[in-house]
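Structure data follow from protein_35.txt (compact mmCIF, C-alpha atoms):
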```txt
# COMPACT_ATOMS: atom_id res chain seq x y z
CA MET X 245 16.43 4.23 -2.21
CA GLU X 246 17.06 2.35 -5.45
CA PRO X 247 17.18 4.47 -8.64
CA LEU X 248 14.21 2.66 -10.22
CA GLU X 249 12.26 2.91 -6.98
CA LEU X 250 12.92 6.65 -6.90
CA GLU X 251 11.76 6.98 -10.51
CA ILE X 252 8.51 5.13 -9.76
CA HIS X 253 7.77 7.23 -6.69
CA LYS X 254 8.32 10.40 -8.70
CA LYS X 255 5.75 9.15 -11.22
CA TYR X 256 3.33 8.62 -8.35
CA ILE X 257 3.94 12.18 -7.14
CA GLU X 258 3.26 13.56 -10.62
CA ARG X 259 0.06 11.55 -10.84
CA LEU X 260 -1.16 12.72 -7.43
CA ASN X 261 -0.15 16.35 -8.06
CA VAL X 262 0.39 17.17 -4.39
CA SER X 263 2.62 19.60 -2.54
CA PHE X 264 4.46 18.75 0.65
CA GLN X 265 5.28 20.30 3.95
CA THR X 266 8.58 22.09 4.27
CA THR X 267 8.61 22.38 8.05
CA GLU X 268 11.18 20.42 10.02
CA THR X 269 10.17 16.87 10.90
CA LYS X 270 9.91 16.22 14.62
CA ILE X 271 10.81 13.10 16.55
CA ASN X 272 7.83 12.05 18.66
CA THR X 273 7.01 9.16 20.93
CA LEU X 274 3.90 7.03 20.60
CA GLU X 275 2.64 8.54 23.84
CA GLN X 276 2.85 12.04 22.37
CA LEU X 277 1.01 10.97 19.23
CA ALA X 278 -1.70 9.28 21.27
CA PHE X 279 -2.28 12.57 23.05
CA LYS X 280 -2.81 14.43 19.75
CA TYR X 281 -4.66 11.97 17.47
CA ASP X 282 -7.89 10.00 17.62
CA LEU X 283 -7.57 7.73 14.58
CA PHE X 284 -4.46 5.73 13.76
CA PHE X 285 -3.92 4.24 10.31
CA LEU X 286 -1.25 1.55 10.48
CA ASP X 287 0.71 0.02 7.65
CA ALA X 288 0.92 -3.77 7.86
CA PHE X 289 3.72 -5.50 5.91
CA GLY X 290 7.09 -4.01 6.79
CA THR X 291 5.72 -2.09 9.77
CA LEU X 292 3.96 -4.67 11.94
CA TYR X 293 5.07 -7.94 10.43
CA ASN X 294 7.12 -9.62 7.72
CA GLN X 295 6.66 -13.31 6.90
CA ASN X 296 5.23 -14.08 10.37
CA HIS X 297 8.04 -12.17 12.09
CA TYR X 298 7.77 -8.90 13.97
CA VAL X 299 9.69 -6.25 12.07
CA TYR X 300 10.28 -4.00 15.06
CA PRO X 301 10.46 -5.19 18.70
CA GLY X 302 7.77 -2.74 19.78
CA ALA X 303 5.23 -3.39 17.00
CA LEU X 304 2.85 -5.52 19.05
CA GLU X 305 3.22 -3.26 22.07
CA MET X 306 2.38 -0.23 19.89
CA VAL X 307 -0.96 -1.72 18.88
CA ARG X 308 -1.75 -2.79 22.44
CA TYR X 309 -0.87 0.65 23.79
CA LEU X 310 -3.17 2.40 21.31
CA ARG X 311 -6.01 0.07 22.27
CA GLN X 312 -5.39 0.72 25.96
CA LYS X 313 -5.69 4.43 25.28
CA GLY X 314 -9.01 3.88 23.53
CA LYS X 315 -7.72 4.96 20.12
CA THR X 316 -9.41 3.90 16.90
CA ILE X 317 -7.15 1.78 14.71
CA ARG X 318 -7.41 0.88 11.05
CA LEU X 319 -4.97 -1.32 9.18
CA LEU X 320 -4.37 0.26 5.75
CA THR X 321 -2.56 -2.30 3.67
CA ASN X 322 -1.60 -2.89 0.07
CA ALA X 323 -1.87 -6.62 0.69
CA ALA X 324 -3.82 -7.92 -2.29
CA SER X 325 -2.52 -11.46 -2.61
CA GLN X 326 -4.73 -13.11 -0.02
CA PRO X 327 -8.24 -12.59 1.39
CA VAL X 328 -8.63 -10.52 4.54
CA VAL X 329 -9.78 -13.57 6.50
CA LYS X 330 -6.46 -15.33 5.83
CA LEU X 331 -4.51 -12.17 6.65
CA LEU X 332 -6.37 -11.83 9.94
CA LYS X 333 -5.60 -15.43 10.93
CA GLU X 334 -1.89 -14.82 10.40
CA LEU X 335 -2.04 -11.61 12.43
CA TRP X 336 -4.00 -13.26 15.24
CA VAL X 337 -1.33 -15.96 15.56
CA MET X 338 1.18 -13.16 16.12
CA GLY X 339 -1.02 -11.50 18.75
CA PHE X 340 -2.47 -8.68 16.61
CA ASP X 341 -6.17 -8.71 17.45
CA PHE X 342 -7.55 -6.86 14.42
CA LEU X 343 -11.19 -7.33 13.50
CA HIS X 344 -12.36 -7.59 9.90
CA GLU X 345 -13.94 -4.14 10.01
CA GLU X 346 -10.61 -2.66 11.13
CA VAL X 347 -8.82 -3.72 7.93
CA VAL X 348 -8.89 -1.79 4.65
CA THR X 349 -6.98 -3.49 1.85
CA SER X 350 -6.18 -2.37 -1.66
CA GLY X 351 -7.56 -5.69 -2.92
CA ASP X 352 -11.00 -4.87 -1.54
CA LEU X 353 -10.98 -1.60 -3.50
CA LEU X 354 -11.34 -3.61 -6.70
CA THR X 355 -15.04 -4.12 -5.94
CA LEU X 356 -15.52 -0.37 -5.62
CA GLU X 357 -13.52 0.33 -8.79
CA ASN X 358 -15.48 -2.20 -10.79
CA GLN X 359 -18.72 -0.39 -10.03
CA LYS X 360 -17.29 2.27 -12.36
CA GLN X 361 -15.45 0.02 -14.82
CA ASN X 362 -17.99 -2.81 -15.16
CA ILE X 363 -15.30 -5.36 -16.03
CA GLN X 364 -16.66 -8.86 -16.66
CA GLU X 365 -13.41 -10.75 -17.14
CA ALA X 366 -9.68 -10.08 -16.93
CA PHE X 367 -6.25 -11.68 -17.16
CA TYR X 368 -4.79 -11.97 -13.65
CA LEU X 369 -1.17 -11.81 -12.49
CA GLY X 370 -0.44 -12.75 -8.89
CA ARG X 371 -0.86 -15.44 -6.29
CA GLU X 372 -3.77 -17.81 -6.70
CA THR X 373 -5.28 -16.67 -3.40
CA GLY X 374 -5.59 -13.15 -4.80
CA VAL X 375 -8.26 -14.34 -7.23
CA ALA X 376 -10.68 -13.96 -4.31
CA PHE X 377 -10.62 -10.20 -4.84
CA LEU X 378 -11.61 -10.63 -8.49
CA GLU X 379 -14.45 -12.94 -7.53
CA ALA X 380 -15.70 -10.48 -4.91
CA ALA X 381 -15.72 -7.76 -7.58
CA GLY X 382 -17.67 -9.96 -10.00
CA ILE X 383 -14.71 -10.45 -12.35
CA THR X 384 -13.90 -13.80 -13.95
CA PHE X 385 -10.32 -14.83 -14.67
CA SER X 386 -9.74 -15.38 -18.37
CA GLU X 387 -6.61 -16.13 -20.41
CA ASN X 388 -8.20 -14.29 -23.33
CA PRO X 389 -10.53 -11.60 -21.94
CA LYS X 390 -12.99 -10.09 -24.40
CA TYR X 391 -11.81 -6.63 -23.41
CA PRO X 392 -8.05 -6.12 -22.78
CA VAL X 393 -7.83 -5.88 -18.99
CA VAL X 394 -4.97 -7.14 -16.81
CA ILE X 395 -5.20 -7.13 -13.01
CA LEU X 396 -1.92 -7.31 -11.08
CA SER X 397 -1.45 -8.07 -7.40
CA ASN X 398 2.06 -9.52 -7.26
CA VAL X 399 5.23 -10.20 -9.22
CA VAL X 400 5.13 -13.27 -11.47
CA ARG X 401 8.27 -15.08 -12.58
CA GLU X 402 6.80 -17.17 -15.39
CA VAL X 403 7.93 -15.73 -18.72
CA GLU X 404 4.85 -16.96 -20.57
CA LEU X 405 2.53 -15.12 -18.15
CA ARG X 406 4.49 -11.91 -18.57
CA GLU X 407 4.43 -12.21 -22.33
CA LYS X 408 0.69 -12.91 -22.30
CA ALA X 409 0.03 -9.84 -20.16
CA ILE X 410 2.08 -7.64 -22.50
CA GLU X 411 0.25 -9.03 -25.52
CA ILE X 412 -3.11 -8.16 -23.93
CA LEU X 413 -1.97 -4.71 -22.84
CA LYS X 414 -0.75 -3.85 -26.33
CA ARG X 415 -4.30 -4.07 -27.63
CA PRO X 416 -6.28 -0.85 -28.14
CA ASN X 417 -8.06 0.60 -25.08
CA SER X 418 -6.29 -1.77 -22.69
CA LYS X 419 -6.28 -1.30 -18.89
CA LEU X 420 -3.80 -2.37 -16.25
CA ILE X 421 -5.26 -2.41 -12.74
CA VAL X 422 -2.54 -2.50 -10.06
CA LEU X 423 -3.83 -3.76 -6.73
CA ASN X 424 -0.52 -3.25 -4.94
CA PRO X 425 1.50 -0.15 -6.00
CA ASP X 426 4.44 -0.90 -3.65
CA PRO X 427 7.56 -0.80 -5.86
CA TRP X 428 10.00 -2.15 -3.26
CA ALA X 429 9.58 -4.10 -0.02
CA PRO X 430 11.84 -5.13 2.85
CA SER X 431 12.75 -8.74 3.57
CA ILE X 432 13.10 -10.12 7.08
CA ASP X 433 16.89 -10.45 6.61
CA GLY X 434 17.14 -6.69 6.09
CA SER X 435 17.46 -6.74 2.31
CA ARG X 436 14.99 -5.03 -0.02
CA LYS X 437 13.60 -6.25 -3.32
CA PRO X 438 11.37 -5.01 -6.17
CA VAL X 439 7.74 -6.12 -5.93
CA SER X 440 4.43 -5.54 -7.72
CA GLY X 441 4.74 -1.78 -8.27
CA ALA X 442 8.07 -2.27 -10.02
CA PHE X 443 6.64 -5.12 -12.09
CA ALA X 444 3.69 -2.90 -13.05
CA TYR X 445 6.15 -0.21 -14.15
CA TYR X 446 7.86 -2.75 -16.39
CA LEU X 447 4.54 -3.64 -18.01
CA ILE X 448 3.67 0.05 -18.46
CA GLN X 449 6.94 0.69 -20.28
CA GLN X 450 6.22 -2.17 -22.68
CA THR X 451 2.69 -1.03 -23.56
CA ASN X 452 0.35 1.95 -23.88
CA ALA X 453 -2.21 0.71 -21.40
CA GLU X 454 -4.28 2.97 -19.17
CA VAL X 455 -3.13 2.36 -15.59
CA ILE X 456 -5.42 2.31 -12.57
CA TYR X 457 -3.70 2.17 -9.19
CA LEU X 458 -5.53 0.96 -6.08
CA GLY X 459 -3.91 1.26 -2.65
CA LYS X 460 -1.34 3.54 -1.07
CA PRO X 461 -0.15 6.15 -1.98
CA PHE X 462 -3.32 6.77 -4.00
CA THR X 463 -6.15 8.41 -2.17
CA THR X 464 -9.09 6.02 -2.55
CA ILE X 465 -7.90 3.74 0.23
CA PHE X 466 -7.68 6.73 2.59
CA SER X 467 -11.01 8.23 1.57
CA GLU X 468 -12.73 4.87 2.04
CA ALA X 469 -11.26 4.55 5.52
CA LEU X 470 -11.95 8.18 6.48
CA LYS X 471 -15.54 8.39 5.26
CA LYS X 472 -16.79 6.45 8.27
CA PHE X 473 -15.53 9.09 10.68
CA PRO X 474 -16.49 12.73 11.33
CA LYS X 475 -14.40 15.30 9.44
CA SER X 476 -13.20 16.63 12.78
CA THR X 477 -11.44 13.33 13.56
CA LYS X 478 -7.69 13.82 13.96
CA ALA X 479 -6.06 11.06 11.93
CA ILE X 480 -2.46 10.02 11.38
CA MET X 481 -0.79 7.41 9.18
CA ILE X 482 2.05 5.35 10.68
CA GLY X 483 4.21 3.42 8.24
CA ASP X 484 7.68 2.59 7.00
CA SER X 485 7.72 4.09 3.50
CA LEU X 486 8.18 7.64 2.25
CA GLY X 487 6.75 6.88 -1.18
CA THR X 488 3.58 5.04 -0.11
CA ASP X 489 2.67 5.73 3.52
CA VAL X 490 3.94 9.30 3.84
CA LEU X 491 3.07 10.33 0.29
CA GLY X 492 -0.39 8.77 0.60
CA ALA X 493 -1.08 10.54 3.88
CA CYS X 494 -0.04 13.88 2.42
CA ALA X 495 -2.25 13.36 -0.63
CA ALA X 496 -5.13 12.49 1.69
CA GLY X 497 -4.56 15.61 3.79
CA ILE X 498 -3.56 13.88 7.02
CA ASP X 499 -0.39 13.77 9.11
CA SER X 500 2.15 10.95 8.99
CA ALA X 501 4.73 9.28 11.21
CA LEU X 502 7.60 7.43 9.57
CA ILE X 503 9.24 4.48 11.30
CA LEU X 504 12.92 4.36 10.43
CA GLY X 505 14.60 1.01 9.97
CA ARG X 506 14.62 -1.74 7.37
CA ASN X 507 12.59 -0.05 4.62
CA THR X 508 13.72 3.52 5.24
CA PRO X 509 17.16 3.46 6.88
CA LYS X 510 18.01 6.31 9.22
CA GLU X 511 21.29 6.85 7.36
CA SER X 512 19.62 7.60 4.00
CA VAL X 513 16.27 9.15 4.94
CA ALA X 514 17.47 12.77 4.61
CA GLU X 515 18.80 12.13 1.10
CA ASP X 516 15.61 10.32 0.06
CA GLU X 517 13.47 13.18 1.37
CA VAL X 518 15.42 15.69 -0.72
CA LYS X 519 15.19 13.55 -3.85
CA LEU X 520 11.45 13.06 -3.51
CA GLY X 521 10.54 16.34 -1.87
CA ILE X 522 8.61 14.39 0.76
CA ARG X 523 8.76 14.79 4.51
CA PRO X 524 6.74 13.03 7.19
CA THR X 525 5.17 15.05 9.97
CA TYR X 526 7.07 12.96 12.52
CA TYR X 527 9.67 10.26 12.91
CA LEU X 528 8.65 7.51 15.30
CA ASN X 529 10.75 4.97 17.18
CA ILE X 530 9.06 1.76 18.32
```
Please rewrite the model in this file as structure tokens.
Amino acid sequence: MEPLELEIHKKYIERLNVSFQTTETKINTLEQLAFKYDLFFLDAFGTLYNQNHYVYPGALEMVRYLRQKGKTIRLLTNAASQPVVKLLKELWVMGFDFLHEEVVTSGDLLTLENQKQNIQEAFYLGRETGVAFLEAAGITFSENPKYPVVILSNVVREVELREKAIEILKRPNSKLIVLNPDPWAPSIDGSRKPVSGAFAYYLIQQTNAEVIYLGKPFTTIFSEALKKFPKSTKAIMIGDSLGTDVLGACAAGIDSALILGRNTPKESVAEDEVKLGIRPTYYLNI
């Protein structure tokens, strides 16, 4: 885990104020998990797919197996750069047959958050397609919003956009809303790179803005997904990240299964767990 990535995840842990299990993590098969759990939350990018490629050979088979066993599946994703309809089309091409009601994205949480914030306009940083989440929440994009609000869904390279965001966030009572807290993400070639969560951290260090995080590891995305099921439902989160998937599951009070590979290498997972104080309930090979 990169030093800056570790620092960001520790900030998330402080913000969530959670404690973690100290019992030894077990290695389980998908068949064993299917026997124990009713509801499966699945991470998307980095776990099931990456740029229209399967990340792990058994990703598609995992989803198909859970459906064959009659398990309930929900995709819990920090994808906030494109509407769910477009995401679904890309997944369908790959053979993942998710329905719209089976997908919970951090971008969609903006509508819920704005019921509390009542934001009319904001400066937006991210891909153009991500503006759809602002529109759904009733927020208009503005280069000079009346109230100092910046909404971030992705890294931007343009220096003038970064400088504009910092200028807005330096104003009194400013807010930074982060739609995707992921600090690092894996590439299909096996490398890893800083993404929106790391960019948000950069903006935070430059300003005194209030920060609102939507998406994993923060609990709203889990509570929104869980509220449609009885409290007795046995749920588990399957993902590829200690600092978002596993941490988020722990904060939400559910079990987790960590897939080792590109984003969390088997060789370094023990060291990362010690540094963060985080352990998944299980390791899972697919």
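For the set X:Leu292, X:Ala323, X:Val307, X:Val348, the residue with the smallest atom-to-atom gap to Ile465 of chain X is X:Val348, counting only C-alpha atoms.
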Point to revise | Counting all atoms listed in the file, the option among X:Asp426, X:Asp484, X:Glu404, X:Asp433 closest to Tyr445 of chain X | key: X:Asp426
**Study point:** Protein/DNA/RNA residues near (-11.0, -2.1, 13.5), cut 9 Å, all atoms listed in the file, as a PyMOL selection string
**Key:** chain X and resi 316-319+342-347
Practice item. Select, from X:Val328, X:Val262, X:Ile456, X:Ala278, the residue with the minimum atom-to-atom distance to Arg311 of chain X, counting all atoms listed in the file. Key: X:Ala278
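Distances to Ile383 of chain X were evaluated for X:Val490, X:Leu310, X:Ala366, X:Leu420 using all atoms listed in the file, and the minimum falls at X:Ala366.
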Check your understanding: Hey, what's within 12 Å of Ala495 of chain X if we count all atoms listed in the file and toss same-chain stuff fewer than 5 positions away? As a ChimeraX atom specification, please?
Key -> /X:256-265,460-467,481,487-490,500,522,524
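In this structure, atom CA of Lys475 of chain X sits 28.1 Å away from atom CA of Ala303 of chain X.
Our summary of the geometry notes that atom CA of Lys270 of chain X is positioned 10.3 Å from atom CA of Arg523 of chain X.
Proximity to Arg401 of chain X was assessed for X:Val375, X:Ile432, X:Val439, X:Leu332 counting all atoms listed in the file; the smallest distance is recorded for X:Val439.
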Point to revise | Closest of X:Ala288, X:Ile503, X:Ile410, X:Ala469 to Ser485 of chain X - atom-to-atom distances counting all atoms listed in the file | key: X:Ile503
Residues near Tyr527 of chain X, anyone? I mean within 12 Å using only C-alpha atoms, not counting same-chain ones fewer than 3 positions away, as a PDB file with C-alpha atoms, in the frame of the given file.
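Now in out.pdb:
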```
ATOM      1  CA  GLU X 268      11.180  20.420  10.020  1.00  0.00           C
ATOM      2  CA  THR X 269      10.170  16.870  10.900  1.00  0.00           C
ATOM      3  CA  LYS X 270       9.910  16.220  14.620  1.00  0.00           C
ATOM      4  CA  ILE X 271      10.810  13.100  16.550  1.00  0.00           C
ATOM      5  CA  ASN X 272       7.830  12.050  18.660  1.00  0.00           C
ATOM      6  CA  THR X 273       7.010   9.160  20.930  1.00  0.00           C
ATOM      7  CA  LEU X 274       3.900   7.030  20.600  1.00  0.00           C
ATOM      8  CA  GLN X 276       2.850  12.040  22.370  1.00  0.00           C
ATOM      9  CA  LEU X 277       1.010  10.970  19.230  1.00  0.00           C
ATOM     10  CA  MET X 481      -0.790   7.410   9.180  1.00  0.00           C
ATOM     11  CA  ILE X 482       2.050   5.350  10.680  1.00  0.00           C
ATOM     12  CA  GLY X 483       4.210   3.420   8.240  1.00  0.00           C
ATOM     13  CA  ASP X 484       7.680   2.590   7.000  1.00  0.00           C
ATOM     14  CA  SER X 485       7.720   4.090   3.500  1.00  0.00           C
ATOM     15  CA  LEU X 486       8.180   7.640   2.250  1.00  0.00           C
ATOM     16  CA  VAL X 490       3.940   9.300   3.840  1.00  0.00           C
ATOM     17  CA  ASP X 499      -0.390  13.770   9.110  1.00  0.00           C
ATOM     18  CA  SER X 500       2.150  10.950   8.990  1.00  0.00           C
ATOM     19  CA  ALA X 501       4.730   9.280  11.210  1.00  0.00           C
ATOM     20  CA  LEU X 502       7.600   7.430   9.570  1.00  0.00           C
ATOM     21  CA  ILE X 503       9.240   4.480  11.300  1.00  0.00           C
ATOM     22  CA  LEU X 504      12.920   4.360  10.430  1.00  0.00           C
ATOM     23  CA  GLY X 505      14.600   1.010   9.970  1.00  0.00           C
ATOM     24  CA  THR X 508      13.720   3.520   5.240  1.00  0.00           C
ATOM     25  CA  PRO X 509      17.160   3.460   6.880  1.00  0.00           C
ATOM     26  CA  LYS X 510      18.010   6.310   9.220  1.00  0.00           C
ATOM     27  CA  VAL X 513      16.270   9.150   4.940  1.00  0.00           C
ATOM     28  CA  ALA X 514      17.470  12.770   4.610  1.00  0.00           C
ATOM     29  CA  ARG X 523       8.760  14.790   4.510  1.00  0.00           C
ATOM     30  CA  PRO X 524       6.740  13.030   7.190  1.00  0.00           C
ATOM     31  CA  ILE X 530       9.060   1.760  18.320  1.00  0.00           C
TER      32      ILE X 530
END
```
